[in-house]
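As provided, data27.cif (mmCIF, C-alpha atoms) reads as follows.
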data_run
loop_
_atom_site.label_atom_id
_atom_site.label_comp_id
_atom_site.auth_asym_id
_atom_site.auth_seq_id
_atom_site.Cartn_x
_atom_site.Cartn_y
_atom_site.Cartn_z
CA MET A 1 0.00 0.00 0.00
CA GLY A 2 1.37 3.40 -1.02
CA LEU A 3 1.81 6.51 1.04
CA LYS A 4 -1.44 8.44 1.57
CA ILE A 5 -0.65 12.02 0.56
CA SER A 6 -2.95 15.02 0.82
CA ILE A 7 -2.08 18.49 -0.44
CA ARG A 8 -3.48 21.73 1.00
CA LYS A 9 -2.69 25.43 1.05
CA ALA A 10 -0.31 26.47 3.81
CA GLU A 11 -1.82 28.46 6.66
CA ASN A 12 -0.51 30.51 9.58
CA GLN A 13 -0.35 27.45 11.84
CA ASP A 14 2.12 25.81 9.39
CA LEU A 15 4.81 28.37 10.20
CA ASP A 16 6.86 26.09 12.51
CA PHE A 17 6.81 23.15 10.08
CA ILE A 18 7.86 25.37 7.17
CA TYR A 19 10.50 27.17 9.24
CA LYS A 20 12.12 23.85 10.21
CA ALA A 21 11.89 22.61 6.61
CA ILE A 22 13.58 25.70 5.17
CA CYS A 23 16.29 25.71 7.85
CA GLU A 24 17.02 22.07 6.96
CA LEU A 25 16.95 22.86 3.24
CA GLU A 26 19.37 25.75 3.67
CA ASN A 27 21.43 23.95 6.34
CA GLU A 28 21.33 26.97 8.66
CA VAL A 29 19.27 28.47 11.46
CA LEU A 30 17.39 31.42 10.00
CA ASP A 31 16.19 34.42 12.03
CA PHE A 32 12.73 33.27 13.13
CA GLU A 33 11.19 36.75 13.51
CA VAL A 34 12.30 37.85 10.04
CA PHE A 35 11.23 34.48 8.61
CA GLN A 36 7.78 34.85 10.21
CA MET A 37 7.33 38.36 8.81
CA ILE A 38 8.24 37.19 5.27
CA PHE A 39 6.09 34.06 5.62
CA ASN A 40 3.02 36.07 6.66
CA GLU A 41 3.55 38.55 3.82
CA ASN A 42 4.00 35.80 1.23
CA ILE A 43 1.06 33.57 2.17
CA SER A 44 -1.27 36.58 2.15
CA ASN A 45 -0.21 37.49 -1.42
CA SER A 46 -2.72 36.03 -3.89
CA LYS A 47 0.02 35.76 -6.54
CA ASN A 48 1.78 33.16 -4.39
CA LEU A 49 0.82 29.55 -3.78
CA TYR A 50 2.24 27.81 -0.69
CA LEU A 51 1.37 24.13 -0.36
CA ILE A 52 1.86 21.48 2.31
CA ALA A 53 1.94 17.74 1.61
CA GLU A 54 0.89 15.64 4.58
CA ASN A 55 -0.36 12.23 5.62
CA GLU A 56 -2.71 11.53 8.53
CA THR A 57 -0.05 12.25 11.14
CA GLU A 58 2.59 14.68 9.86
CA GLY A 59 3.85 17.08 7.24
CA LEU A 60 5.81 15.41 4.45
CA GLY A 61 6.87 18.34 2.33
CA PHE A 62 6.37 21.93 1.26
CA ILE A 63 6.53 23.99 -1.92
CA SER A 64 6.33 27.74 -2.45
CA PHE A 65 5.40 29.19 -5.83
CA HIS A 66 5.46 32.88 -6.76
CA THR A 67 3.98 34.36 -9.93
CA GLN A 68 4.60 37.65 -11.67
CA ASN A 69 3.84 39.33 -14.97
CA LEU A 70 7.04 39.64 -16.99
CA LEU A 71 7.53 41.82 -20.03
CA HIS A 72 9.81 39.39 -21.85
CA HIS A 73 7.20 36.63 -21.56
CA CYS A 74 4.31 39.02 -22.21
CA GLY A 75 2.37 37.34 -19.44
CA LEU A 76 2.31 35.55 -16.11
CA VAL A 77 5.27 33.35 -15.16
CA GLY A 78 5.65 31.21 -12.03
CA GLU A 79 8.77 30.27 -10.12
CA ILE A 80 9.21 27.61 -7.48
CA GLN A 81 11.07 29.34 -4.66
CA GLU A 82 11.38 26.57 -2.08
CA PHE A 83 10.75 22.85 -2.47
CA PHE A 84 11.33 20.48 0.45
CA ILE A 85 10.50 16.83 1.03
CA HIS A 86 11.42 15.19 4.34
CA GLN A 87 14.29 12.76 3.80
CA LYS A 88 12.31 9.68 4.84
CA TYR A 89 9.55 10.45 2.30
CA ARG A 90 11.69 11.15 -0.75
CA GLY A 91 11.10 8.93 -3.76
CA GLN A 92 7.52 8.14 -2.68
CA GLY A 93 5.60 10.55 -4.91
CA VAL A 94 5.36 13.48 -2.48
CA GLY A 95 7.30 15.86 -4.72
CA ARG A 96 5.38 14.79 -7.81
CA SER A 97 2.09 15.40 -5.96
CA LEU A 98 3.18 18.94 -5.06
CA ILE A 99 4.43 19.63 -8.60
CA ASN A 100 1.14 18.37 -10.06
CA GLU A 101 -0.73 20.93 -7.94
CA ILE A 102 1.59 23.65 -9.26
CA LEU A 103 0.96 22.45 -12.84
CA ASN A 104 -2.81 22.59 -12.25
CA PHE A 105 -2.52 26.11 -10.85
CA ALA A 106 -0.38 27.14 -13.85
CA GLU A 107 -2.92 25.78 -16.30
CA GLU A 108 -5.89 27.38 -14.51
CA ASN A 109 -4.09 30.75 -14.51
CA ASN A 110 -2.67 30.53 -18.06
CA LEU A 111 0.96 30.81 -16.96
CA LYS A 112 3.49 31.11 -19.78
CA SER A 113 6.09 29.02 -17.95
CA ILE A 114 7.18 27.55 -14.63
CA GLU A 115 10.77 28.05 -13.52
CA VAL A 116 12.87 26.56 -10.75
CA THR A 117 16.44 27.27 -9.72
CA THR A 118 18.62 24.85 -7.80
CA ASN A 119 21.97 25.47 -6.17
CA LYS A 120 24.91 23.94 -8.06
CA LYS A 121 25.82 22.15 -4.80
CA ARG A 122 22.63 20.10 -5.17
CA VAL A 123 23.79 18.16 -8.23
CA GLU A 124 21.16 15.44 -7.72
CA ASN A 125 18.36 17.99 -8.20
CA VAL A 126 19.07 18.35 -11.93
CA ALA A 127 17.97 14.76 -12.58
CA ILE A 128 15.00 15.15 -10.21
CA TYR A 129 13.71 18.26 -11.99
CA GLU A 130 14.30 16.74 -15.43
CA ASN A 131 12.32 13.68 -14.30
CA LEU A 132 9.49 16.02 -13.28
CA GLY A 133 9.42 17.51 -16.80
CA PHE A 134 11.66 20.57 -16.46
CA ALA A 135 14.29 21.38 -19.10
CA LEU A 136 17.71 22.78 -18.16
CA SER A 137 17.41 25.84 -20.40
CA HIS A 138 18.97 28.84 -18.63
CA ASN A 139 21.96 29.93 -16.59
CA LYS A 140 21.41 32.02 -13.47
CA PHE A 141 23.98 34.52 -12.21
CA THR A 142 23.98 35.81 -8.65
CA ILE A 143 25.70 38.57 -6.67
CA TYR A 144 25.57 38.26 -2.89
CA ASN A 145 25.78 41.22 -0.54
#
Write the structure described by the file as structure tokens, please.
Amino acid sequence: MGLKISIRKAENQDLDFIYKAICELENEVLDFEVFQMIFNENISNSKNLYLIAENETEGLGFISFHTQNLLHHCGLVGEIQEFFIHQKYRGQGVGRSLINEILNFAEENNLKSIEVTTNKKRVENVAIYENLGFALSHNKFTIYN
């Protein structure tokens, strides 16, 4: 019998789960008060979609998706900002379930494209995203302050 996965929109009470997930994803302890302020701002923005994957007892994963109108696409484009699946649930369809919800949202809202960026340190993510239907089509350049 497979894992029972349900997907729902993230709510205020999901803050602690998402905070722990993002700290694990980034491998650092982030400033909780700043994180909370950004979280509250982002989940209240109707252009963003924050989803939780869970079973009957616990959270399994999280995805955040931001959309914006871009001139060079002449329309609405979405970007996955954070994507986390708990280690013990990876490879069990949790990520695909979250991505499918993003794809449904994109179709319903006539998005031109969906983008995701992964850190070059996470080499394994290239194959994961390609398996989910993404094409490695761009380079991203970053300047850190």
(Q) Applying the PyMOL selection byres ((chain A and resi 130-134) around 9) to the file I just gave you, which residues come out? Please list them as a ChimeraX atom specification. (A) /A:95-96,99,114-116,125-129,135-137
(Q) Give me, as a PyMOL selection string, all polymer residues having an atom no more than 12 Å from Asp31 of chain A, counting all atoms listed in the file and skipping those fewer than 6 positions away in the same chain. (A) chain A and resi 19-20+22-23+37-39
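Non-sequential neighbours of Gly61 of chain A (distance at most 6 Å, separation of 2 or more positions within a chain, only C-alpha atoms) are Ile52, Ala53, Gly59, Phe84, Ile85 and His86 of chain A.
Considering only C-alpha atoms, the residue among A:Leu60, A:Leu51, A:Leu98, A:Leu111 positioned nearest to Gly75 of chain A is A:Leu111.
Coordinates place atom CA of Thr117 of chain A at a distance of 22.9 Å from atom CA of Asn40 of chain A.
If you measure from each of A:Ile5, A:Leu103, A:Val77, A:Ile143 to Glu58 of chain A using all atoms listed in the file, the closest one turns out to be A:Ile5.
Neighbours of Ser44 of chain A closer than or equal to 10 Å, with all atoms listed in the file counted and sequence neighbours fewer than 5 positions away skipped, come out as Glu11, Asn12, Phe39, Leu49 and Tyr50 of chain A.
For the point (7.2, 30.9, -12.5) in file coordinates, the residues within 9 Å, using only C-alpha atoms, are A:Phe65, A:His66, A:Thr67, A:Gln68, A:Leu76, A:Val77, A:Gly78, A:Glu79, A:Ile80, A:Gln81, A:Ala106, A:Leu111, A:Lys112, A:Ser113, A:Ile114, A:Glu115, A:Val116.
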Could those residues be written to a file, using C-alpha atoms, as a PDB file, keeping the file's coordinate frame?
ATOM      1  CA  PHE A  65       5.400  29.190  -5.830  1.00  0.00           C
ATOM      2  CA  HIS A  66       5.460  32.880  -6.760  1.00  0.00           C
ATOM      3  CA  THR A  67       3.980  34.360  -9.930  1.00  0.00           C
ATOM      4  CA  GLN A  68       4.600  37.650 -11.670  1.00  0.00           C
ATOM      5  CA  LEU A  76       2.310  35.550 -16.110  1.00  0.00           C
ATOM      6  CA  VAL A  77       5.270  33.350 -15.160  1.00  0.00           C
ATOM      7  CA  GLY A  78       5.650  31.210 -12.030  1.00  0.00           C
ATOM      8  CA  GLU A  79       8.770  30.270 -10.120  1.00  0.00           C
ATOM      9  CA  ILE A  80       9.210  27.610  -7.480  1.00  0.00           C
ATOM     10  CA  GLN A  81      11.070  29.340  -4.660  1.00  0.00           C
ATOM     11  CA  ALA A 106      -0.380  27.140 -13.850  1.00  0.00           C
ATOM     12  CA  LEU A 111       0.960  30.810 -16.960  1.00  0.00           C
ATOM     13  CA  LYS A 112       3.490  31.110 -19.780  1.00  0.00           C
ATOM     14  CA  SER A 113       6.090  29.020 -17.950  1.00  0.00           C
ATOM     15  CA  ILE A 114       7.180  27.550 -14.630  1.00  0.00           C
ATOM     16  CA  GLU A 115      10.770  28.050 -13.520  1.00  0.00           C
ATOM     17  CA  VAL A 116      12.870  26.560 -10.750  1.00  0.00           C
TER      18      VAL A 116
END
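Put simply, atom CA of Lys88 of chain A is 12.9 Å away from atom CA of Glu54 of chain A.
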Nearby residues (only C-alpha atoms) at most 12 Å from Thr57 of chain A, same-chain spacing under 5 positions excluded, as a PDB file with C-alpha atoms, in the coordinates of the input:
ATOM      1  CA  LEU A   3       1.810   6.510   1.040  1.00  0.00           C
ATOM      2  CA  LYS A   4      -1.440   8.440   1.570  1.00  0.00           C
ATOM      3  CA  ILE A   5      -0.650  12.020   0.560  1.00  0.00           C
ATOM      4  CA  SER A   6      -2.950  15.020   0.820  1.00  0.00           C
TER       5      SER A   6
END
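Distance-wise, atom CA of Arg122 of chain A and atom CA of Ile43 of chain A end up 26.5 Å apart.
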Q) Using only C-alpha atoms, which of A:Asn45, A:Leu30, A:Asn69, A:Ser64 sits nearest Asn109 of chain A? A) A:Asn69
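Among the candidate residues A:Lys9, A:Leu70, A:Tyr144, A:Lys121, the one lying nearest to Ser46 of chain A is A:Lys9, with distances computed using all atoms listed in the file.
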